[in-house]
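With PDB, C-alpha atoms inside, this is work-v6.pdb:
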```pdb
ATOM      1  CA  MET L 531      99.703 107.374 175.323
ATOM      2  CA  LYS L 532     102.089 104.477 175.831
ATOM      3  CA  HIS L 533     101.262 103.001 172.411
ATOM      4  CA  THR L 534     101.622 106.364 170.700
ATOM      5  CA  ALA L 535     105.091 106.881 172.152
ATOM      6  CA  TRP L 536     106.088 103.363 171.109
ATOM      7  CA  LYS L 537     104.808 103.919 167.559
ATOM      8  CA  LEU L 538     106.571 107.275 167.370
ATOM      9  CA  GLY L 539     109.826 105.694 168.560
ATOM     10  CA  LEU L 540     109.477 102.883 166.032
ATOM     11  CA  ALA L 541     108.808 105.374 163.227
ATOM     12  CA  GLY L 542     111.847 107.416 164.294
ATOM     13  CA  ALA L 543     114.048 104.327 164.305
ATOM     14  CA  ALA L 544     112.819 103.336 160.844
ATOM     15  CA  LEU L 545     113.503 106.834 159.557
ATOM     16  CA  ALA L 546     116.991 106.798 161.061
ATOM     17  CA  LEU L 547     117.773 103.452 159.428
ATOM     18  CA  ALA L 548     116.462 104.641 156.072
ATOM     19  CA  ALA L 549     118.433 107.904 156.212
ATOM     20  CA  ALA L 550     121.699 106.421 157.533
ATOM     21  CA  PRO L 551     123.216 105.673 154.080
ATOM     22  CA  ALA L 552     122.790 109.318 153.093
ATOM     23  CA  PHE L 553     125.142 110.323 155.900
ATOM     24  CA  ALA L 554     127.736 107.619 155.215
ATOM     25  CA  GLN L 555     131.045 109.017 154.069
ATOM     26  CA  THR L 556     132.662 107.584 150.990
ATOM     27  CA  LYS L 557     136.328 107.707 150.141
ATOM     28  CA  VAL L 558     136.987 109.945 147.167
ATOM     29  CA  THR L 559     140.057 109.038 145.144
ATOM     30  CA  ASN L 560     141.399 109.659 141.707
ATOM     31  CA  GLN L 561     142.577 106.075 141.313
ATOM     32  CA  GLY L 562     142.340 105.020 137.678
ATOM     33  CA  ILE L 563     142.567 108.571 136.343
ATOM     34  CA  SER L 564     145.689 109.984 134.709
ATOM     35  CA  ALA L 565     146.491 112.538 132.050
ATOM     36  CA  GLU L 566     146.541 109.792 129.413
ATOM     37  CA  GLU L 567     143.664 107.521 130.374
ATOM     38  CA  ILE L 568     140.652 106.866 132.572
ATOM     39  CA  VAL L 569     140.140 103.278 133.693
ATOM     40  CA  ILE L 570     136.514 102.134 133.733
ATOM     41  CA  GLY L 571     135.365  98.954 135.411
ATOM     42  CA  THR L 572     132.111  97.097 135.782
ATOM     43  CA  HIS L 573     130.745  93.985 137.398
ATOM     44  CA  GLN L 574     128.326  92.201 135.080
ATOM     45  CA  ASP L 575     127.096  88.629 134.809
ATOM     46  CA  LEU L 576     128.355  87.378 131.437
ATOM     47  CA  SER L 577     127.225  83.786 131.938
ATOM     48  CA  GLY L 578     124.577  81.926 133.840
ATOM     49  CA  PRO L 579     120.867  82.537 134.201
ATOM     50  CA  ILE L 580     120.944  86.346 134.221
ATOM     51  CA  LYS L 581     123.475  86.898 131.450
ATOM     52  CA  MET L 582     120.589  88.296 129.394
ATOM     53  CA  TRP L 583     121.069  91.546 131.351
ATOM     54  CA  GLY L 584     124.836  91.574 131.817
ATOM     55  CA  VAL L 585     125.945  90.880 128.248
ATOM     56  CA  PRO L 586     124.001  93.795 126.654
ATOM     57  CA  VAL L 587     125.194  96.184 129.365
ATOM     58  CA  SER L 588     128.796  95.118 128.833
ATOM     59  CA  ASN L 589     128.437  95.423 125.053
ATOM     60  CA  GLY L 590     126.875  98.881 125.424
ATOM     61  CA  MET L 591     129.714 100.060 127.632
ATOM     62  CA  LYS L 592     132.298  98.776 125.131
ATOM     63  CA  LEU L 593     130.449 100.518 122.295
ATOM     64  CA  ALA L 594     130.403 103.816 124.198
ATOM     65  CA  VAL L 595     134.133 103.549 124.944
ATOM     66  CA  ASP L 596     134.883 102.804 121.285
ATOM     67  CA  GLU L 597     132.805 105.787 120.139
ATOM     68  CA  ILE L 598     134.494 108.170 122.591
ATOM     69  CA  ASN L 599     137.959 106.918 121.660
ATOM     70  CA  ALA L 600     137.183 107.220 117.921
ATOM     71  CA  ALA L 601     136.181 110.853 118.525
ATOM     72  CA  GLY L 602     139.566 111.627 120.084
ATOM     73  CA  GLY L 603     139.139 110.423 123.641
ATOM     74  CA  ILE L 604     137.436 111.602 126.796
ATOM     75  CA  TYR L 605     139.175 114.976 126.887
ATOM     76  CA  ALA L 606     138.232 115.747 123.269
ATOM     77  CA  ALA L 607     134.648 114.629 123.895
ATOM     78  CA  SER L 608     134.299 116.782 127.024
ATOM     79  CA  SER L 609     135.686 119.953 125.401
ATOM     80  CA  SER L 610     133.062 120.081 122.640
TER
END
```

Spit out the file's structure as structure tokens when you get a sec.
Amino acid sequence: MKHTAWKLGLAGAALALAAAPAFAQTKVTNQGISAEEIVIGTHQDLSGPIKMWGVPVSNGMKLAVDEINAAGGIYAASSS
């Protein structure tokens, strides 16, 4: 019985640690958003040993921004 209670307690602690991020509160702001523009940022490795992942992601993001802006911007793209 002693081992069962210990295992149950350990399982409960592991579950609590795994679920804790789901209950964390995040600050919601509208920083970077105005009537004229939306600022988008990213953190990618553009040099070094893992640039093979960061450079294509950065290029893809720039391509998507260019396409949206060519179509009239984010507000025009969201209204269609």

### Query
Distance atom CA of L:Gly562-atom CA of L:Leu593, one decimal place?
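Spanning atom CA of L:Gly562 to atom CA of L:Leu593 is a straight-line distance of 20.0 Å.
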
### Message
Could you tell me, as a VMD selection string, exactly which residues end up selected when the PyMOL selection byres ((chain L and resi 575) around 12) is applied to this structure?
### Response
chain L and resid 572 to 574 576 to 589

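Coordinates place atom CA of L:Met591 at a distance of 9.7 Å from atom CA of L:Gly571.
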
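Each of L:Ile568, L:Trp536, L:Gly542, L:Ala548 was compared to L:Ile598 using only C-alpha atoms, and L:Ile568 turns out to be the nearest.
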
### Query
What is the atom CA of L:Asp596 to atom CA of L:Glu567 distance in Å?
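About the pair atom CA of L:Asp596 and atom CA of L:Glu567: they are 13.5 Å apart.
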
The PyMOL selection byres ((chain L and resi 604-606) around 12) on the file shown: which residues, as a compact mmCIF listing (two decimals) with C-alpha atoms, in the coordinates of the input?
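So the final result, stored in out_19.txt, reads:
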```txt
# COMPACT_ATOMS: atom_id res chain seq x y z
CA ILE L 563 142.57 108.57 136.34
CA SER L 564 145.69 109.98 134.71
CA ALA L 565 146.49 112.54 132.05
CA GLU L 566 146.54 109.79 129.41
CA GLU L 567 143.66 107.52 130.37
CA ILE L 568 140.65 106.87 132.57
CA VAL L 569 140.14 103.28 133.69
CA ILE L 570 136.51 102.13 133.73
CA ALA L 594 130.40 103.82 124.20
CA VAL L 595 134.13 103.55 124.94
CA ASP L 596 134.88 102.80 121.28
CA GLU L 597 132.80 105.79 120.14
CA ILE L 598 134.49 108.17 122.59
CA ASN L 599 137.96 106.92 121.66
CA ALA L 600 137.18 107.22 117.92
CA ALA L 601 136.18 110.85 118.52
CA GLY L 602 139.57 111.63 120.08
CA GLY L 603 139.14 110.42 123.64
CA ALA L 607 134.65 114.63 123.90
CA SER L 608 134.30 116.78 127.02
CA SER L 609 135.69 119.95 125.40
CA SER L 610 133.06 120.08 122.64
```

Starting from the sparse input, extend stretch 578-589 of chain L to all heavy atoms and give the output as an mmCIF file, in the coordinates of the input.
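Now in part-v2.cif:
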```cif
data_model
loop_
_atom_site.group_PDB
_atom_site.id
_atom_site.type_symbol
_atom_site.label_atom_id
_atom_site.label_comp_id
_atom_site.auth_asym_id
_atom_site.auth_seq_id
_atom_site.Cartn_x
_atom_site.Cartn_y
_atom_site.Cartn_z
ATOM 1 N N GLY L 578 125.553 82.348 132.846
ATOM 2 C CA GLY L 578 124.577 81.926 133.840
ATOM 3 C C GLY L 578 123.184 82.423 133.519
ATOM 4 O O GLY L 578 122.914 82.954 132.445
ATOM 5 N N PRO L 579 122.283 82.271 134.480
ATOM 6 C CA PRO L 579 120.867 82.537 134.201
ATOM 7 C C PRO L 579 120.507 83.997 133.968
ATOM 8 O O PRO L 579 119.491 84.274 133.348
ATOM 9 C CB PRO L 579 120.153 81.989 135.427
ATOM 10 C CG PRO L 579 121.177 81.966 136.502
ATOM 11 C CD PRO L 579 122.488 81.749 135.819
ATOM 12 N N ILE L 580 121.301 84.936 134.433
ATOM 13 C CA ILE L 580 120.944 86.346 134.221
ATOM 14 C C ILE L 580 121.908 87.060 133.284
ATOM 15 O O ILE L 580 122.018 88.277 133.285
ATOM 16 C CB ILE L 580 120.809 87.119 135.556
ATOM 17 C CG1 ILE L 580 122.092 87.079 136.355
ATOM 18 C CG2 ILE L 580 119.636 86.604 136.345
ATOM 19 C CD1 ILE L 580 122.049 87.990 137.567
ATOM 20 N N LYS L 581 122.585 86.274 132.431
ATOM 21 C CA LYS L 581 123.475 86.898 131.450
ATOM 22 C C LYS L 581 122.708 87.736 130.443
ATOM 23 O O LYS L 581 123.272 88.593 129.788
ATOM 24 C CB LYS L 581 124.319 85.850 130.737
ATOM 25 C CG LYS L 581 123.566 84.978 129.769
ATOM 26 C CD LYS L 581 124.485 84.012 129.075
ATOM 27 C CE LYS L 581 123.708 83.189 128.053
ATOM 28 N NZ LYS L 581 124.565 82.240 127.385
ATOM 29 N N MET L 582 121.398 87.522 130.339
ATOM 30 C CA MET L 582 120.589 88.296 129.394
ATOM 31 C C MET L 582 120.585 89.785 129.728
ATOM 32 O O MET L 582 120.275 90.613 128.888
ATOM 33 C CB MET L 582 119.162 87.767 129.334
ATOM 34 C CG MET L 582 118.356 87.966 130.608
ATOM 35 S SD MET L 582 116.736 87.233 130.541
ATOM 36 C CE MET L 582 117.087 85.611 131.168
ATOM 37 N N TRP L 583 120.944 90.138 130.970
ATOM 38 C CA TRP L 583 121.069 91.546 131.351
ATOM 39 C C TRP L 583 122.519 92.007 131.294
ATOM 40 O O TRP L 583 122.817 93.110 130.881
ATOM 41 C CB TRP L 583 120.518 91.794 132.754
ATOM 42 C CG TRP L 583 119.044 91.694 132.831
ATOM 43 C CD1 TRP L 583 118.139 92.549 132.285
ATOM 44 C CD2 TRP L 583 118.296 90.678 133.472
ATOM 45 N NE1 TRP L 583 116.867 92.122 132.550
ATOM 46 C CE2 TRP L 583 116.927 90.968 133.282
ATOM 47 C CE3 TRP L 583 118.623 89.538 134.185
ATOM 48 C CZ2 TRP L 583 115.907 90.184 133.785
ATOM 49 C CZ3 TRP L 583 117.608 88.745 134.687
ATOM 50 C CH2 TRP L 583 116.278 89.081 134.477
ATOM 51 N N GLY L 584 123.433 91.171 131.724
ATOM 52 C CA GLY L 584 124.836 91.574 131.817
ATOM 53 C C GLY L 584 125.532 91.732 130.481
ATOM 54 O O GLY L 584 126.315 92.662 130.288
ATOM 55 N N VAL L 585 125.262 90.826 129.541
ATOM 56 C CA VAL L 585 125.945 90.880 128.248
ATOM 57 C C VAL L 585 125.586 92.157 127.481
ATOM 58 O O VAL L 585 126.483 92.858 126.994
ATOM 59 C CB VAL L 585 125.662 89.598 127.428
ATOM 60 C CG1 VAL L 585 126.181 89.734 126.006
ATOM 61 C CG2 VAL L 585 126.292 88.387 128.110
ATOM 62 N N PRO L 586 124.302 92.538 127.356
ATOM 63 C CA PRO L 586 124.001 93.795 126.654
ATOM 64 C C PRO L 586 124.579 95.036 127.336
ATOM 65 O O PRO L 586 125.018 95.971 126.657
ATOM 66 C CB PRO L 586 122.470 93.852 126.633
ATOM 67 C CG PRO L 586 122.027 92.454 126.826
ATOM 68 C CD PRO L 586 123.079 91.804 127.666
ATOM 69 N N VAL L 587 124.611 95.042 128.647
ATOM 70 C CA VAL L 587 125.194 96.184 129.365
ATOM 71 C C VAL L 587 126.685 96.275 129.071
ATOM 72 O O VAL L 587 127.215 97.351 128.779
ATOM 73 C CB VAL L 587 124.923 96.074 130.884
ATOM 74 C CG1 VAL L 587 125.746 97.092 131.660
ATOM 75 C CG2 VAL L 587 123.455 96.241 131.174
ATOM 76 N N SER L 588 127.371 95.143 129.134
ATOM 77 C CA SER L 588 128.796 95.118 128.833
ATOM 78 C C SER L 588 129.059 95.545 127.391
ATOM 79 O O SER L 588 129.968 96.346 127.129
ATOM 80 C CB SER L 588 129.345 93.712 129.076
ATOM 81 O OG SER L 588 130.708 93.651 128.760
ATOM 82 N N ASN L 589 128.272 95.045 126.457
ATOM 83 C CA ASN L 589 128.437 95.423 125.053
ATOM 84 C C ASN L 589 128.175 96.918 124.844
ATOM 85 O O ASN L 589 128.876 97.572 124.071
ATOM 86 C CB ASN L 589 127.517 94.597 124.157
ATOM 87 C CG ASN L 589 127.946 93.150 124.073
ATOM 88 O OD1 ASN L 589 129.080 92.808 124.364
ATOM 89 N ND2 ASN L 589 127.024 92.277 123.692
#
```
